[in-house]
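Working notes for the structure below.
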Amino acid sequence: MDTLPYAPLLGIIALALLWSALFTAVDCARQQLNGHGAPTLPAQGLVLGASLGKLLVLGLACLIGQRYSGEHGFWLAGLGASVTLLVLADYLPRRLARRNPQAFLDLGGNLLKLPLALLQPLGCLLDGCAKVILRPFRLQPTAVALHPQQGATFDEDEPTETSQHGLLEGLQALDKITVNDILVPRNEVDGINLDDPIEQIIEQLIISRHTRLPVYHDDINQVEAVLNTKLISHLLPRAELTPEKLQAACYEPYFVPESTPLQMQLLNFHKQQRRMGVVVDEYGEVLGIVTLEDILEEIVGEFEDEQSLDNPHVHPQPDGRFVIEGTASLREINRTLGWHLPCDGGPKTLNGLVTEALESIPESAVCLKIGRYRLEILETEDNCASKVLVWTLAR
């Protein structure tokens with residue numbers, strides 16, 4: 001090394017710096033996608049590759065510094081190399097990988113396949129050594145009662161443990177629930193039809209409670225944009241809104257496949273900096289919309305006050321029964337009333353549940369039993385059960 005000219009040494013440093021930055025970016029992208037991207041790359045090989053590249057840069061930089069001006073140059077070169085590695089081989093690659101993780105993961109799968117195959121055995125060996133070293137410090141598992149019925153006495157901290165356990169279950173369940181399970185159906189979507197007169201659009205916007213509305217021509221299947229109502233709210237009281245100003249307050253729609261797991265969609269909302277998506281099926285037909293608030297509600301819904309009857313679709317009766325609108329979501333009903341109506345892999349609304357159970361178009365004055373729930377159809381409208389009386393049977 002002492003006889004090598006500076007040019008080859010600087011070239012090796014540049015290549016090692018690029019090597020380390022690439023491994024760091026791919027590892028960050030792998031963590032960002034949390035296993036939902038392809039291909040799957042070994043974590044041990046990525047960490048080892050990035051570390052070897054950084055060590056090579058630091059070692060060669062110190063060697064060049066020592067050759068140039070002795071011990072003083074050794075320390076200055078080491079300090080400069082450390083700062084360069086922090087910026088160019090750590091912070092910058094991670095920031096770029098968070099912006100577009102899938103691209104870096106695909107790049108790593110193409111370029112790093114052979115290096116990772118060579119590094120993986122050594123990475124696994126080092127990982128095993130680390131586990132052996134840390135074994136004396138490993139926390140021993142403790143028994144925790146998952147349900148109140150499993151113990152006779154409880155301390156004051158138990159509700160917190162139960163809530164934490166429920167939160168973990170709610171987060172894990174996001175991967176089993178798809179966007180199609182919680183979407184707002186297209187017939188309930190409050191959108192702006194650009195073919196309507198501007199006066200009618202203004203009246204609609206005044207009474208609308210939503211911040212973001214899909215904008216379309218004639219049919220919601222032709223969604224062209226999403227309107228941010230905050231940008232035009234000051235124009236509504238004096239009817240100063242024009243089609244041009246309406247278009248200026250719109251931005252490109254964000255389309256979401258119906259089969260996307262909620263965990264992935266939560267990540268996509270963060271990555272795309274969006275709060276609402278238009279849900280489409282495999283043929284491109286619009287099924288409805290999903291919002292960030294809908295997903296968060298799935299996580300924290302179980303922690304709301306039980307028997308919280310703030311659902312506008314659920315109307316409690318004096319005798320303890322409930323009149324529920326047929327368009328009500330089964331998940332919302334279960335969350336509001338603490339029930340367990342079947343809602344996984346089947347109908348999404350109460351009317352859909354009734355139609356599936358009857359295997360025909362529902363008619364009024366028809367009663368049916370689903371599990372421990374009794375349902376009586378009170379009203380039908382447009383071949384749908386519009387109002388249903390529901391109560392639970394004593395066990």
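Labeling convention for the structure tokens: chains A, B, ... as they appear, residues from 1 per chain, ligands from 1 in order of appearance.
Summary of the local environment: counting only C-alpha atoms, residues at most 7 Å from Gly326 (chain A), other than itself and those fewer than 5 positions away along its chain, are A:Thr349, A:Leu350, A:Asn351, A:Ala385, A:Ser386, A:Lys387, A:Val388.
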Got time to write the residues from that selection, N, CA and C atoms, as a PDB file, in the first residue's frame?
ATOM      1  N   THR A 349     -72.035  -4.647   4.610  1.00  0.00           N
ATOM      2  CA  THR A 349     -73.097  -3.847   5.203  1.00  0.00           C
ATOM      3  C   THR A 349     -74.172  -4.754   5.791  1.00  0.00           C
ATOM      4  N   LEU A 350     -75.042  -4.157   6.600  1.00  0.00           N
ATOM      5  CA  LEU A 350     -76.125  -4.924   7.204  1.00  0.00           C
ATOM      6  C   LEU A 350     -77.085  -5.440   6.139  1.00  0.00           C
ATOM      7  N   ASN A 351     -77.364  -4.630   5.129  1.00  0.00           N
ATOM      8  CA  ASN A 351     -78.224  -5.092   4.039  1.00  0.00           C
ATOM      9  C   ASN A 351     -77.591  -6.271   3.305  1.00  0.00           C
ATOM     10  N   ALA A 385     -82.778  -3.622   2.179  1.00  0.00           N
ATOM     11  CA  ALA A 385     -83.322  -3.451   3.520  1.00  0.00           C
ATOM     12  C   ALA A 385     -82.825  -2.122   4.062  1.00  0.00           C
ATOM     13  N   SER A 386     -83.688  -1.118   4.105  1.00  0.00           N
ATOM     14  CA  SER A 386     -83.270   0.224   4.516  1.00  0.00           C
ATOM     15  C   SER A 386     -83.250   0.381   6.030  1.00  0.00           C
ATOM     16  N   LYS A 387     -84.144  -0.314   6.744  1.00  0.00           N
ATOM     17  CA  LYS A 387     -84.176  -0.255   8.206  1.00  0.00           C
ATOM     18  C   LYS A 387     -84.395  -1.653   8.753  1.00  0.00           C
ATOM     19  N   VAL A 388     -83.563  -2.017   9.716  1.00  0.00           N
ATOM     20  CA  VAL A 388     -83.631  -3.359  10.300  1.00  0.00           C
ATOM     21  C   VAL A 388     -83.632  -3.227  11.815  1.00  0.00           C
TER      22      VAL A 388
END
Contacts of Ile177 (chain A) at 9 Å (only C-alpha atoms; same-chain gap of 4+ positions) as a ChimeraX atom specification:
/A:173,181-182,259-263,344
Residue subset to file, keeping N, CA and C atoms, as a PDB file, in the first residue's frame:
ATOM      1  N   ALA A 173     -53.623  -7.046  13.174  1.00  0.00           N
ATOM      2  CA  ALA A 173     -54.795  -7.374  12.359  1.00  0.00           C
ATOM      3  C   ALA A 173     -54.846  -6.555  11.079  1.00  0.00           C
ATOM      4  N   ASP A 181     -62.423  -3.914   2.969  1.00  0.00           N
ATOM      5  CA  ASP A 181     -63.216  -4.189   4.175  1.00  0.00           C
ATOM      6  C   ASP A 181     -63.702  -2.925   4.865  1.00  0.00           C
ATOM      7  N   ILE A 182     -63.035  -1.786   4.642  1.00  0.00           N
ATOM      8  CA  ILE A 182     -63.384  -0.583   5.397  1.00  0.00           C
ATOM      9  C   ILE A 182     -63.739   0.598   4.506  1.00  0.00           C
ATOM     10  N   SER A 259     -57.559  -4.840  -2.864  1.00  0.00           N
ATOM     11  CA  SER A 259     -56.981  -5.941  -2.097  1.00  0.00           C
ATOM     12  C   SER A 259     -55.779  -5.528  -1.258  1.00  0.00           C
ATOM     13  N   THR A 260     -55.460  -4.238  -1.206  1.00  0.00           N
ATOM     14  CA  THR A 260     -54.292  -3.780  -0.447  1.00  0.00           C
ATOM     15  C   THR A 260     -54.526  -3.964   1.049  1.00  0.00           C
ATOM     16  N   PRO A 261     -53.625  -4.652   1.769  1.00  0.00           N
ATOM     17  CA  PRO A 261     -53.760  -4.760   3.232  1.00  0.00           C
ATOM     18  C   PRO A 261     -53.661  -3.389   3.884  1.00  0.00           C
ATOM     19  N   LEU A 262     -54.365  -3.220   4.995  1.00  0.00           N
ATOM     20  CA  LEU A 262     -54.377  -1.912   5.652  1.00  0.00           C
ATOM     21  C   LEU A 262     -52.996  -1.511   6.147  1.00  0.00           C
ATOM     22  N   GLN A 263     -52.203  -2.493   6.584  1.00  0.00           N
ATOM     23  CA  GLN A 263     -50.860  -2.163   7.036  1.00  0.00           C
ATOM     24  C   GLN A 263     -50.045  -1.551   5.905  1.00  0.00           C
ATOM     25  N   ASP A 344     -65.961 -10.670   8.046  1.00  0.00           N
ATOM     26  CA  ASP A 344     -64.691 -10.993   7.399  1.00  0.00           C
ATOM     27  C   ASP A 344     -64.927 -11.896   6.203  1.00  0.00           C
TER      28      ASP A 344
END
Quick one: pull the distance between CA of Leu85 (chain A) and CA of Gln272 (chain A), Å, one decimal.
28.9 Å
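Using only C-alpha atoms, the nearest neighbour of Glu252 (chain A) within the list A:His72, A:Arg274, A:Arg374, A:Arg30 is A:Arg274.
Residues surrounding Ile377 (chain A) within 9 Å are Val354, Pro362, Glu363, Ser364, Ala365, Val366, Cys367, Leu368, Thr380, Ala385, Ser386, Lys387, Val388, Leu389 and Val390 of chain A [only C-alpha atoms; sequence separation below 3 positions excluded].
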Env of region 283-297 of chain A: 9 Å cut, atoms = only C-alpha atoms, seq-sep filter 4 positions within chain, self excluded. Answer as number ranges by chain.
A: 174, 179-180, 182-189, 214, 220-223, 255-258, 262-263, 265-266, 269, 274-279, 301-302
Let me see the file: selected residues, N, CA and C atoms, as an mmCIF file, in the first residue's frame.
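Just written: out_0.cif:
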data_model
loop_
_atom_site.group_PDB
_atom_site.id
_atom_site.type_symbol
_atom_site.label_atom_id
_atom_site.label_comp_id
_atom_site.auth_asym_id
_atom_site.auth_seq_id
_atom_site.Cartn_x
_atom_site.Cartn_y
_atom_site.Cartn_z
ATOM 1 N N LEU A 174 -54.119 -5.441 11.019
ATOM 2 C CA LEU A 174 -54.151 -4.606 9.821
ATOM 3 C C LEU A 174 -53.670 -5.364 8.593
ATOM 4 N N VAL A 179 -58.293 -3.007 2.206
ATOM 5 C CA VAL A 179 -58.969 -1.737 1.982
ATOM 6 C C VAL A 179 -60.444 -1.960 1.676
ATOM 7 N N ASN A 180 -60.752 -3.043 0.977
ATOM 8 C CA ASN A 180 -62.138 -3.328 0.610
ATOM 9 C C ASN A 180 -63.033 -3.544 1.826
ATOM 10 N N ILE A 182 -63.035 -1.786 4.642
ATOM 11 C CA ILE A 182 -63.384 -0.583 5.397
ATOM 12 C C ILE A 182 -63.739 0.598 4.506
ATOM 13 N N LEU A 183 -63.744 0.410 3.194
ATOM 14 C CA LEU A 183 -63.990 1.545 2.299
ATOM 15 C C LEU A 183 -65.401 2.116 2.470
ATOM 16 N N VAL A 184 -65.550 3.376 2.111
ATOM 17 C CA VAL A 184 -66.867 4.009 2.032
ATOM 18 C C VAL A 184 -67.429 3.709 0.641
ATOM 19 N N PRO A 185 -68.557 2.971 0.553
ATOM 20 C CA PRO A 185 -69.069 2.574 -0.775
ATOM 21 C C PRO A 185 -69.341 3.778 -1.662
ATOM 22 N N ARG A 186 -69.223 3.557 -2.962
ATOM 23 C CA ARG A 186 -69.342 4.653 -3.926
ATOM 24 C C ARG A 186 -70.693 5.349 -3.854
ATOM 25 N N ASN A 187 -71.762 4.622 -3.506
ATOM 26 C CA ASN A 187 -73.073 5.259 -3.433
ATOM 27 C C ASN A 187 -73.205 6.174 -2.218
ATOM 28 N N GLU A 188 -72.244 6.097 -1.279
ATOM 29 C CA GLU A 188 -72.267 6.970 -0.107
ATOM 30 C C GLU A 188 -71.200 8.052 -0.181
ATOM 31 N N VAL A 189 -70.426 8.059 -1.266
ATOM 32 C CA VAL A 189 -69.338 9.032 -1.395
ATOM 33 C C VAL A 189 -69.901 10.400 -1.753
ATOM 34 N N PRO A 214 -63.801 13.796 -3.961
ATOM 35 C CA PRO A 214 -63.459 13.418 -5.340
ATOM 36 C C PRO A 214 -64.232 14.259 -6.343
ATOM 37 N N ILE A 220 -69.008 8.743 -11.106
ATOM 38 C CA ILE A 220 -67.862 8.693 -10.199
ATOM 39 C C ILE A 220 -66.769 7.779 -10.726
ATOM 40 N N ASN A 221 -67.073 6.930 -11.709
ATOM 41 C CA ASN A 221 -66.038 6.109 -12.330
ATOM 42 C C ASN A 221 -65.060 6.951 -13.136
ATOM 43 N N GLN A 222 -65.386 8.199 -13.349
ATOM 44 C CA GLN A 222 -64.525 9.101 -14.114
ATOM 45 C C GLN A 222 -63.895 10.153 -13.207
ATOM 46 N N VAL A 223 -63.361 9.698 -12.058
ATOM 47 C CA VAL A 223 -62.715 10.619 -11.122
ATOM 48 C C VAL A 223 -61.499 11.249 -11.785
ATOM 49 N N PHE A 255 -55.151 6.433 -6.579
ATOM 50 C CA PHE A 255 -55.962 5.234 -6.701
ATOM 51 C C PHE A 255 -55.337 4.088 -5.902
ATOM 52 N N VAL A 256 -56.212 3.304 -5.264
ATOM 53 C CA VAL A 256 -55.784 2.233 -4.368
ATOM 54 C C VAL A 256 -56.460 0.926 -4.792
ATOM 55 N N PRO A 257 -55.706 -0.163 -5.006
ATOM 56 C CA PRO A 257 -56.332 -1.458 -5.289
ATOM 57 C C PRO A 257 -57.122 -1.967 -4.086
ATOM 58 N N GLU A 258 -58.257 -2.583 -4.333
ATOM 59 C CA GLU A 258 -59.142 -3.006 -3.250
ATOM 60 C C GLU A 258 -58.524 -4.071 -2.353
ATOM 61 N N LEU A 262 -54.365 -3.220 4.995
ATOM 62 C CA LEU A 262 -54.377 -1.912 5.652
ATOM 63 C C LEU A 262 -52.996 -1.511 6.147
ATOM 64 N N GLN A 263 -52.203 -2.493 6.584
ATOM 65 C CA GLN A 263 -50.860 -2.163 7.036
ATOM 66 C C GLN A 263 -50.045 -1.551 5.905
ATOM 67 N N GLN A 265 -51.330 -0.078 3.218
ATOM 68 C CA GLN A 265 -51.937 1.188 2.813
ATOM 69 C C GLN A 265 -51.576 2.308 3.772
ATOM 70 N N LEU A 266 -51.459 1.988 5.054
ATOM 71 C CA LEU A 266 -51.022 2.988 6.025
ATOM 72 C C LEU A 266 -49.623 3.477 5.667
ATOM 73 N N PHE A 269 -49.901 5.663 2.437
ATOM 74 C CA PHE A 269 -50.391 7.014 2.723
ATOM 75 C C PHE A 269 -49.241 7.898 3.215
ATOM 76 N N ARG A 274 -50.466 11.346 1.347
ATOM 77 C CA ARG A 274 -51.884 11.454 1.040
ATOM 78 C C ARG A 274 -52.704 11.077 2.268
ATOM 79 N N ARG A 275 -53.958 11.524 2.258
ATOM 80 C CA ARG A 275 -54.886 11.180 3.346
ATOM 81 C C ARG A 275 -56.154 10.505 2.832
ATOM 82 N N MET A 276 -56.315 10.458 1.502
ATOM 83 C CA MET A 276 -57.495 9.831 0.923
ATOM 84 C C MET A 276 -57.119 9.143 -0.376
ATOM 85 N N GLY A 277 -57.696 7.958 -0.601
ATOM 86 C CA GLY A 277 -57.469 7.232 -1.833
ATOM 87 C C GLY A 277 -58.775 6.772 -2.439
ATOM 88 N N VAL A 278 -58.814 6.700 -3.762
ATOM 89 C CA VAL A 278 -59.979 6.193 -4.494
ATOM 90 C C VAL A 278 -59.753 4.699 -4.734
ATOM 91 N N VAL A 279 -60.640 3.868 -4.192
ATOM 92 C CA VAL A 279 -60.477 2.415 -4.257
ATOM 93 C C VAL A 279 -61.064 1.897 -5.568
ATOM 94 N N GLY A 301 -60.116 2.003 17.411
ATOM 95 C CA GLY A 301 -61.565 1.864 17.623
ATOM 96 C C GLY A 301 -61.915 1.064 18.852
ATOM 97 N N GLU A 302 -61.090 0.031 19.140
ATOM 98 C CA GLU A 302 -61.382 -0.819 20.282
ATOM 99 C C GLU A 302 -61.184 -0.094 21.601
#
Would you work out the distance separating CA of Asn383 (chain A) from CA of His313 (chain A), expressed in Å to one decimal?
18.7 Å
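Those residues that approach Leu393 (chain A) to within 9 Å, counting only C-alpha atoms, are Gly371, Arg372, Tyr373 and Arg374 of chain A; same-chain residues fewer than 3 positions away are not listed.
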Output N, CA and C atoms for every residue in that selection, as a PDB file, in the first residue's frame.
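part24.pdb, freshly written:
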ATOM      1  N   GLY A 371     -76.629 -16.354  14.112  1.00  0.00           N
ATOM      2  CA  GLY A 371     -75.931 -16.582  15.367  1.00  0.00           C
ATOM      3  C   GLY A 371     -76.838 -16.284  16.538  1.00  0.00           C
ATOM      4  N   ARG A 372     -76.383 -15.422  17.425  1.00  0.00           N
ATOM      5  CA  ARG A 372     -77.219 -15.045  18.566  1.00  0.00           C
ATOM      6  C   ARG A 372     -77.939 -13.722  18.334  1.00  0.00           C
ATOM      7  N   TYR A 373     -78.003 -13.294  17.068  1.00  0.00           N
ATOM      8  CA  TYR A 373     -78.649 -12.031  16.744  1.00  0.00           C
ATOM      9  C   TYR A 373     -79.950 -12.287  15.992  1.00  0.00           C
ATOM     10  N   ARG A 374     -80.975 -11.546  16.369  1.00  0.00           N
ATOM     11  CA  ARG A 374     -82.278 -11.628  15.704  1.00  0.00           C
ATOM     12  C   ARG A 374     -82.488 -10.344  14.909  1.00  0.00           C
TER      13      ARG A 374
END
Please identify the strand (DSSP E) residues within region 310-366 of chain A (assignment by DSSP from backbone atoms) and present them as a VMD selection string.
chain A and resid 314 to 316 322 to 325
Write the residues of the preceding selection, restricted to N, CA and C atoms, as a PDB file, in the first residue's frame.
ATOM      1  N   VAL A 314     -77.173   3.964  13.766  1.00  0.00           N
ATOM      2  CA  VAL A 314     -77.697   3.093  14.827  1.00  0.00           C
ATOM      3  C   VAL A 314     -78.605   3.915  15.735  1.00  0.00           C
ATOM      4  N   HIS A 315     -79.843   3.449  15.895  1.00  0.00           N
ATOM      5  CA  HIS A 315     -80.832   4.174  16.693  1.00  0.00           C
ATOM      6  C   HIS A 315     -81.338   3.275  17.821  1.00  0.00           C
ATOM      7  N   PRO A 316     -80.908   3.509  19.056  1.00  0.00           N
ATOM      8  CA  PRO A 316     -81.355   2.669  20.179  1.00  0.00           C
ATOM      9  C   PRO A 316     -82.837   2.874  20.481  1.00  0.00           C
ATOM     10  N   PHE A 322     -82.316  -2.196  18.697  1.00  0.00           N
ATOM     11  CA  PHE A 322     -81.725  -1.131  17.886  1.00  0.00           C
ATOM     12  C   PHE A 322     -82.309  -1.169  16.483  1.00  0.00           C
ATOM     13  N   VAL A 323     -82.701   0.008  15.988  1.00  0.00           N
ATOM     14  CA  VAL A 323     -83.080   0.163  14.595  1.00  0.00           C
ATOM     15  C   VAL A 323     -81.842   0.651  13.851  1.00  0.00           C
ATOM     16  N   ILE A 324     -81.387  -0.148  12.893  1.00  0.00           N
ATOM     17  CA  ILE A 324     -80.134   0.134  12.196  1.00  0.00           C
ATOM     18  C   ILE A 324     -80.412   0.257  10.702  1.00  0.00           C
ATOM     19  N   GLU A 325     -79.819   1.262  10.091  1.00  0.00           N
ATOM     20  CA  GLU A 325     -79.980   1.452   8.649  1.00  0.00           C
ATOM     21  C   GLU A 325     -79.221   0.367   7.889  1.00  0.00           C
TER      22      GLU A 325
END
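Straight-line separation from CA of Leu79 (chain A) to CA of Ala29 (chain A): 28.3 Å.
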List as a VMD selection string the protein and nucleic acid residues near Ala239 (chain A), meaning an atom at most 12 Å away when only C-alpha atoms are counted, but skip any in the same chain fewer than 4 places from it.
chain A and resid 198 to 206 232 to 235 243 245
Produce a file of the selected residues containing N, CA and C atoms, as a PDB file, in the first residue's frame.
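Writing done, so here's part.pdb:
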ATOM      1  N   ILE A 198     -72.625  25.560 -11.329  1.00  0.00           N
ATOM      2  CA  ILE A 198     -71.739  26.028 -10.279  1.00  0.00           C
ATOM      3  C   ILE A 198     -72.513  26.432  -9.027  1.00  0.00           C
ATOM      4  N   GLU A 199     -73.760  26.912  -9.206  1.00  0.00           N
ATOM      5  CA  GLU A 199     -74.581  27.270  -8.047  1.00  0.00           C
ATOM      6  C   GLU A 199     -74.891  26.039  -7.202  1.00  0.00           C
ATOM      7  N   GLN A 200     -75.193  24.941  -7.863  1.00  0.00           N
ATOM      8  CA  GLN A 200     -75.487  23.701  -7.145  1.00  0.00           C
ATOM      9  C   GLN A 200     -74.234  23.163  -6.446  1.00  0.00           C
ATOM     10  N   ILE A 201     -73.076  23.309  -7.084  1.00  0.00           N
ATOM     11  CA  ILE A 201     -71.823  22.872  -6.471  1.00  0.00           C
ATOM     12  C   ILE A 201     -71.518  23.689  -5.219  1.00  0.00           C
ATOM     13  N   ILE A 202     -71.779  25.002  -5.285  1.00  0.00           N
ATOM     14  CA  ILE A 202     -71.545  25.865  -4.125  1.00  0.00           C
ATOM     15  C   ILE A 202     -72.429  25.441  -2.958  1.00  0.00           C
ATOM     16  N   GLU A 203     -73.709  25.175  -3.223  1.00  0.00           N
ATOM     17  CA  GLU A 203     -74.622  24.729  -2.158  1.00  0.00           C
ATOM     18  C   GLU A 203     -74.149  23.407  -1.559  1.00  0.00           C
ATOM     19  N   GLN A 204     -73.672  22.509  -2.415  1.00  0.00           N
ATOM     20  CA  GLN A 204     -73.182  21.225  -1.930  1.00  0.00           C
ATOM     21  C   GLN A 204     -71.945  21.401  -1.046  1.00  0.00           C
ATOM     22  N   LEU A 205     -71.049  22.280  -1.441  1.00  0.00           N
ATOM     23  CA  LEU A 205     -69.833  22.503  -0.665  1.00  0.00           C
ATOM     24  C   LEU A 205     -70.126  23.170   0.670  1.00  0.00           C
ATOM     25  N   ILE A 206     -71.142  24.018   0.725  1.00  0.00           N
ATOM     26  CA  ILE A 206     -71.479  24.713   1.973  1.00  0.00           C
ATOM     27  C   ILE A 206     -71.938  23.720   3.032  1.00  0.00           C
ATOM     28  N   ILE A 232     -60.929  26.785  -0.915  1.00  0.00           N
ATOM     29  CA  ILE A 232     -61.998  27.581  -1.533  1.00  0.00           C
ATOM     30  C   ILE A 232     -63.083  27.960  -0.545  1.00  0.00           C
ATOM     31  N   SER A 233     -62.911  27.619   0.741  1.00  0.00           N
ATOM     32  CA  SER A 233     -63.966  27.876   1.727  1.00  0.00           C
ATOM     33  C   SER A 233     -64.291  29.364   1.841  1.00  0.00           C
ATOM     34  N   HIS A 234     -63.275  30.223   1.630  1.00  0.00           N
ATOM     35  CA  HIS A 234     -63.515  31.659   1.746  1.00  0.00           C
ATOM     36  C   HIS A 234     -64.315  32.214   0.570  1.00  0.00           C
ATOM     37  N   LEU A 235     -64.467  31.435  -0.504  1.00  0.00           N
ATOM     38  CA  LEU A 235     -65.214  31.890  -1.679  1.00  0.00           C
ATOM     39  C   LEU A 235     -66.686  31.499  -1.631  1.00  0.00           C
ATOM     40  N   PRO A 243     -65.700  27.874 -11.923  1.00  0.00           N
ATOM     41  CA  PRO A 243     -65.109  26.587 -12.334  1.00  0.00           C
ATOM     42  C   PRO A 243     -63.593  26.635 -12.399  1.00  0.00           C
ATOM     43  N   LYS A 245     -61.512  28.511 -10.514  1.00  0.00           N
ATOM     44  CA  LYS A 245     -60.986  28.469  -9.151  1.00  0.00           C
ATOM     45  C   LYS A 245     -61.190  27.096  -8.525  1.00  0.00           C
TER      46      LYS A 245
END
Between A:Thr327, A:Gln102, A:Ser51, A:Ser82, which is the closest to Gln31 (chain A) once you count only C-alpha atoms?
A:Gln102
Excluding Leu116 (chain A) and residues on its chain fewer than 4 positions from it, collect all residues at most 10 Å away from it, counting only C-alpha atoms, and give them as a PyMOL selection string.
chain A and resi 23+41-46+48-49+108-109+111-112+120-121+123
Dump of N, CA and C atoms for the selected residues, as an mmCIF file, in the first residue's frame:
data_model
loop_
_atom_site.group_PDB
_atom_site.id
_atom_site.type_symbol
_atom_site.label_atom_id
_atom_site.label_comp_id
_atom_site.auth_asym_id
_atom_site.auth_seq_id
_atom_site.Cartn_x
_atom_site.Cartn_y
_atom_site.Cartn_z
ATOM 1 N N PHE A 23 -25.391 -0.336 -0.002
ATOM 2 C CA PHE A 23 -25.838 -1.330 0.980
ATOM 3 C C PHE A 23 -26.711 -0.677 2.052
ATOM 4 N N LEU A 41 -34.219 -9.534 0.766
ATOM 5 C CA LEU A 41 -32.773 -9.507 0.890
ATOM 6 C C LEU A 41 -32.365 -9.757 2.336
ATOM 7 N N PRO A 42 -31.261 -10.509 2.562
ATOM 8 C CA PRO A 42 -30.845 -10.847 3.934
ATOM 9 C C PRO A 42 -30.307 -9.629 4.666
ATOM 10 N N ALA A 43 -30.788 -9.420 5.881
ATOM 11 C CA ALA A 43 -30.374 -8.250 6.655
ATOM 12 C C ALA A 43 -28.913 -8.346 7.068
ATOM 13 N N GLN A 44 -28.449 -9.571 7.448
ATOM 14 C CA GLN A 44 -27.069 -9.710 7.912
ATOM 15 C C GLN A 44 -26.069 -9.328 6.821
ATOM 16 N N GLY A 45 -26.308 -9.777 5.580
ATOM 17 C CA GLY A 45 -25.404 -9.451 4.480
ATOM 18 C C GLY A 45 -25.374 -7.974 4.175
ATOM 19 N N LEU A 46 -26.548 -7.307 4.259
ATOM 20 C CA LEU A 46 -26.605 -5.873 3.976
ATOM 21 C C LEU A 46 -25.821 -5.076 5.017
ATOM 22 N N LEU A 48 -23.388 -6.178 6.993
ATOM 23 C CA LEU A 48 -21.966 -6.494 6.885
ATOM 24 C C LEU A 48 -21.342 -5.794 5.679
ATOM 25 N N GLY A 49 -22.031 -5.769 4.539
ATOM 26 C CA GLY A 49 -21.503 -5.103 3.356
ATOM 27 C C GLY A 49 -21.299 -3.619 3.580
ATOM 28 N N GLY A 108 -31.123 -3.184 -5.475
ATOM 29 C CA GLY A 108 -30.304 -4.087 -4.677
ATOM 30 C C GLY A 108 -30.463 -5.532 -5.094
ATOM 31 N N GLY A 109 -31.685 -5.921 -5.465
ATOM 32 C CA GLY A 109 -31.910 -7.290 -5.895
ATOM 33 C C GLY A 109 -31.173 -7.620 -7.180
ATOM 34 N N LEU A 111 -28.231 -5.763 -8.406
ATOM 35 C CA LEU A 111 -26.795 -5.524 -8.343
ATOM 36 C C LEU A 111 -26.092 -6.280 -7.222
ATOM 37 N N LEU A 112 -26.786 -6.538 -6.135
ATOM 38 C CA LEU A 112 -26.119 -7.073 -4.945
ATOM 39 C C LEU A 112 -26.388 -8.553 -4.724
ATOM 40 N N GLN A 120 -23.316 -13.425 3.080
ATOM 41 C CA GLN A 120 -24.329 -13.933 3.997
ATOM 42 C C GLN A 120 -23.780 -14.956 4.998
ATOM 43 N N PRO A 121 -22.928 -15.931 4.600
ATOM 44 C CA PRO A 121 -22.414 -16.881 5.610
ATOM 45 C C PRO A 121 -21.647 -16.190 6.733
ATOM 46 N N GLY A 123 -21.972 -13.074 7.600
ATOM 47 C CA GLY A 123 -22.934 -12.272 8.357
ATOM 48 C C GLY A 123 -23.702 -13.109 9.370
#
